[in-house]
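K.L.:
One structure coming up, written as structure tokens, with questions to follow.
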Amino acid sequence: NFESADDAIHYRQSAFGLIAYQFGDMSAMLKGKKEFNADVFAKRAENVAALSKLPAEGFIAGSDKGNTDALGKIWENQADFDSRMSEFQENAAKLAVAAKGTDKDAIKSAFMNTGKSCKGCHDNYKKD
Ligand code: ASC
């Protein structure tokens with residue numbers, strides 16, 4: 001339980017920041033901006049799968065007020081938000097599985113699906 005909206009906002013932003021780092025590194029490898037290292041990639045994907053479970057707890061009622069890009073719409077569409085969050089977690093788990101294998105197309109497609117989960121929620125529920 002958080003003491004305040006600010007604490008909840010800080011918590012979820014910390015988790016998203018760690019997710020973004022993992023994601024950025026995987027993206028660089030898939031785009032050929034850095035050498036693809038299967039072990040590092042698999043670790044990043046594992047990290048996202050684990051980290052994907054964290055942010056939801058930080059979206060407490062009233063925490064659209066403060067230093068946040070989260071829109072109040074989240075709490076008016078809680079079921080949709082929750083299902084998008086679950087879909088993100090499922091896609092991240094699938095990416096972690098694919099990343100343990102050697103099928104680059106499967107890895108890329110699982111990565112794209114996870115990215116779509118990120119973007120889908122941002123487009124709907126994040127200030128631009
Ligand atoms: C990232 C990042 C996002 C997502 C999104 C995916 O690396 O910071 O917000 O990917 O752009 O479409």
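Numbering starts fresh at 1 for the residues of each chain in the structure tokens, the chains themselves are lettered A, B, ... in the order given, and ligands are numbered from 1 as they appear.
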Near region 70-86 of chain A, counting only C-alpha atoms, which residues have an atom at most 6 Å away, once you skip same-chain residues fewer than 2 positions from it, shown as a count of residues only?
P.N.:
6
K.L.:
Determine, for each residue of chain A having at least one atom at most 10 Å from an atom of ligand 1, the closest pair of atoms and their separation in Å to one decimal, counting only C-alpha atoms and all ligand atoms; order by chain and ascending number, as a tab-separated table.
P.N.:
```
residue	atom	partner	partner_atom_place_in_ligand_line	distance
A:Phe16	CA	ligand 1	8 (O)	8.4
A:Gly17	CA	ligand 1	8 (O)	8.2
A:Leu18	CA	ligand 1	8 (O)	9.9
A:Ile19	CA	ligand 1	8 (O)	8.0
A:Ala20	CA	ligand 1	8 (O)	4.7
A:Tyr21	CA	ligand 1	7 (O)	7.3
A:Gln22	CA	ligand 1	7 (O)	8.0
A:Phe23	CA	ligand 1	7 (O)	4.8
A:Gly24	CA	ligand 1	7 (O)	4.7
A:Asp25	CA	ligand 1	7 (O)	8.3
A:Met26	CA	ligand 1	7 (O)	8.6
A:Ser27	CA	ligand 1	7 (O)	7.0
A:Ala28	CA	ligand 1	7 (O)	9.5
A:Phe111	CA	ligand 1	6 (C)	9.4
A:Met112	CA	ligand 1	12 (O)	7.9
A:Asn113	CA	ligand 1	12 (O)	9.1
A:Thr114	CA	ligand 1	6 (C)	7.6
A:Gly115	CA	ligand 1	6 (C)	4.0
A:Lys116	CA	ligand 1	12 (O)	5.4
A:Ser117	CA	ligand 1	6 (C)	7.4
A:Cys118	CA	ligand 1	6 (C)	5.1
A:Lys119	CA	ligand 1	12 (O)	4.3
A:Gly120	CA	ligand 1	12 (O)	7.8
A:Cys121	CA	ligand 1	9 (O)	9.4
A:His122	CA	ligand 1	9 (O)	7.2
A:Asp123	CA	ligand 1	12 (O)	9.6
```
K.L.:
Give me every alpha helix (DSSP H) residue in chain A, going by DSSP on the backbone, as an MDAnalysis selection string.
P.N.:
chainID A and resid 5:30 38:51 73:76 78:99 104:125
K.L.:
For the residues selected in the previous step, produce a file with C-alpha atoms as an mmCIF file, in the first residue's frame.
P.N.:
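Here's the written file selection_2.cif:
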```
data_model
loop_
_atom_site.group_PDB
_atom_site.id
_atom_site.type_symbol
_atom_site.label_atom_id
_atom_site.label_comp_id
_atom_site.auth_asym_id
_atom_site.auth_seq_id
_atom_site.Cartn_x
_atom_site.Cartn_y
_atom_site.Cartn_z
ATOM 1 C CA ALA A 5 -0.478 9.226 -4.997
ATOM 2 C CA ASP A 6 3.087 10.535 -5.399
ATOM 3 C CA ASP A 7 4.521 7.298 -3.986
ATOM 4 C CA ALA A 8 2.366 5.207 -6.327
ATOM 5 C CA ILE A 9 3.363 7.373 -9.308
ATOM 6 C CA HIS A 10 7.048 7.071 -8.416
ATOM 7 C CA TYR A 11 6.736 3.301 -8.023
ATOM 8 C CA ARG A 12 5.125 2.699 -11.414
ATOM 9 C CA GLN A 13 7.420 5.163 -13.190
ATOM 10 C CA SER A 14 10.440 3.343 -11.734
ATOM 11 C CA ALA A 15 9.141 0.048 -13.102
ATOM 12 C CA PHE A 16 8.366 1.572 -16.520
ATOM 13 C CA GLY A 17 11.850 3.109 -16.611
ATOM 14 C CA LEU A 18 13.448 -0.302 -16.087
ATOM 15 C CA ILE A 19 11.151 -1.834 -18.712
ATOM 16 C CA ALA A 20 12.048 0.908 -21.204
ATOM 17 C CA TYR A 21 15.754 0.221 -20.680
ATOM 18 C CA GLN A 22 15.334 -3.509 -21.411
ATOM 19 C CA PHE A 23 13.145 -2.703 -24.387
ATOM 20 C CA GLY A 24 15.527 -0.145 -25.833
ATOM 21 C CA ASP A 25 18.436 -2.582 -25.682
ATOM 22 C CA MET A 26 16.430 -5.358 -27.359
ATOM 23 C CA SER A 27 15.272 -2.924 -30.023
ATOM 24 C CA ALA A 28 18.859 -1.839 -30.746
ATOM 25 C CA MET A 29 19.872 -5.492 -31.178
ATOM 26 C CA LEU A 30 16.972 -6.296 -33.496
ATOM 27 C CA ALA A 38 21.238 -14.097 -27.637
ATOM 28 C CA ASP A 39 22.086 -14.425 -23.941
ATOM 29 C CA VAL A 40 21.770 -10.723 -23.259
ATOM 30 C CA PHE A 41 18.589 -10.533 -25.314
ATOM 31 C CA ALA A 42 17.076 -13.469 -23.420
ATOM 32 C CA LYS A 43 17.984 -11.819 -20.111
ATOM 33 C CA ARG A 44 16.364 -8.541 -21.207
ATOM 34 C CA ALA A 45 13.215 -10.405 -22.256
ATOM 35 C CA GLU A 46 13.126 -12.276 -18.927
ATOM 36 C CA ASN A 47 13.485 -8.952 -17.139
ATOM 37 C CA VAL A 48 10.551 -7.429 -19.054
ATOM 38 C CA ALA A 49 8.394 -10.464 -18.283
ATOM 39 C CA ALA A 50 9.141 -10.029 -14.567
ATOM 40 C CA LEU A 51 8.919 -6.221 -14.582
ATOM 41 C CA LYS A 73 -9.522 7.789 -18.349
ATOM 42 C CA ILE A 74 -7.691 4.796 -16.853
ATOM 43 C CA TRP A 75 -9.987 4.746 -13.841
ATOM 44 C CA GLU A 76 -13.088 5.264 -15.983
ATOM 45 C CA GLN A 78 -10.585 0.044 -15.465
ATOM 46 C CA ALA A 79 -11.624 -3.248 -17.107
ATOM 47 C CA ASP A 80 -10.073 -2.266 -20.435
ATOM 48 C CA PHE A 81 -6.935 -0.987 -18.722
ATOM 49 C CA ASP A 82 -6.593 -4.203 -16.690
ATOM 50 C CA SER A 83 -7.079 -6.394 -19.741
ATOM 51 C CA ARG A 84 -4.454 -4.412 -21.680
ATOM 52 C CA MET A 85 -2.069 -4.785 -18.749
ATOM 53 C CA SER A 86 -2.697 -8.572 -18.697
ATOM 54 C CA GLU A 87 -2.165 -8.769 -22.449
ATOM 55 C CA PHE A 88 1.145 -6.943 -22.046
ATOM 56 C CA GLN A 89 2.212 -9.446 -19.371
ATOM 57 C CA GLU A 90 1.227 -12.380 -21.581
ATOM 58 C CA ASN A 91 3.058 -10.968 -24.589
ATOM 59 C CA ALA A 92 6.137 -10.307 -22.464
ATOM 60 C CA ALA A 93 6.037 -13.890 -21.146
ATOM 61 C CA LYS A 94 5.811 -15.201 -24.728
ATOM 62 C CA LEU A 95 8.738 -12.993 -25.737
ATOM 63 C CA ALA A 96 10.816 -14.438 -22.898
ATOM 64 C CA VAL A 97 10.038 -17.961 -24.147
ATOM 65 C CA ALA A 98 10.828 -17.077 -27.779
ATOM 66 C CA ALA A 99 14.071 -15.393 -26.704
ATOM 67 C CA LYS A 104 14.837 -14.990 -35.030
ATOM 68 C CA ASP A 105 11.506 -14.435 -36.818
ATOM 69 C CA ALA A 106 9.621 -15.772 -33.789
ATOM 70 C CA ILE A 107 11.672 -13.506 -31.529
ATOM 71 C CA LYS A 108 10.994 -10.476 -33.732
ATOM 72 C CA SER A 109 7.293 -11.182 -33.935
ATOM 73 C CA ALA A 110 7.007 -11.694 -30.153
ATOM 74 C CA PHE A 111 8.943 -8.461 -29.656
ATOM 75 C CA MET A 112 6.597 -6.576 -32.005
ATOM 76 C CA ASN A 113 3.553 -7.933 -30.178
ATOM 77 C CA THR A 114 4.946 -6.774 -26.854
ATOM 78 C CA GLY A 115 5.718 -3.341 -28.315
ATOM 79 C CA LYS A 116 2.151 -3.130 -29.594
ATOM 80 C CA SER A 117 0.928 -3.727 -26.046
ATOM 81 C CA CYS A 118 3.095 -0.822 -24.842
ATOM 82 C CA LYS A 119 1.871 1.457 -27.612
ATOM 83 C CA GLY A 120 -1.788 0.452 -27.337
ATOM 84 C CA CYS A 121 -1.932 1.511 -23.732
ATOM 85 C CA HIS A 122 0.108 4.681 -24.310
ATOM 86 C CA ASP A 123 -2.142 5.749 -27.192
ATOM 87 C CA ASN A 124 -5.207 5.356 -25.020
ATOM 88 C CA TYR A 125 -4.130 6.234 -21.527
#
```
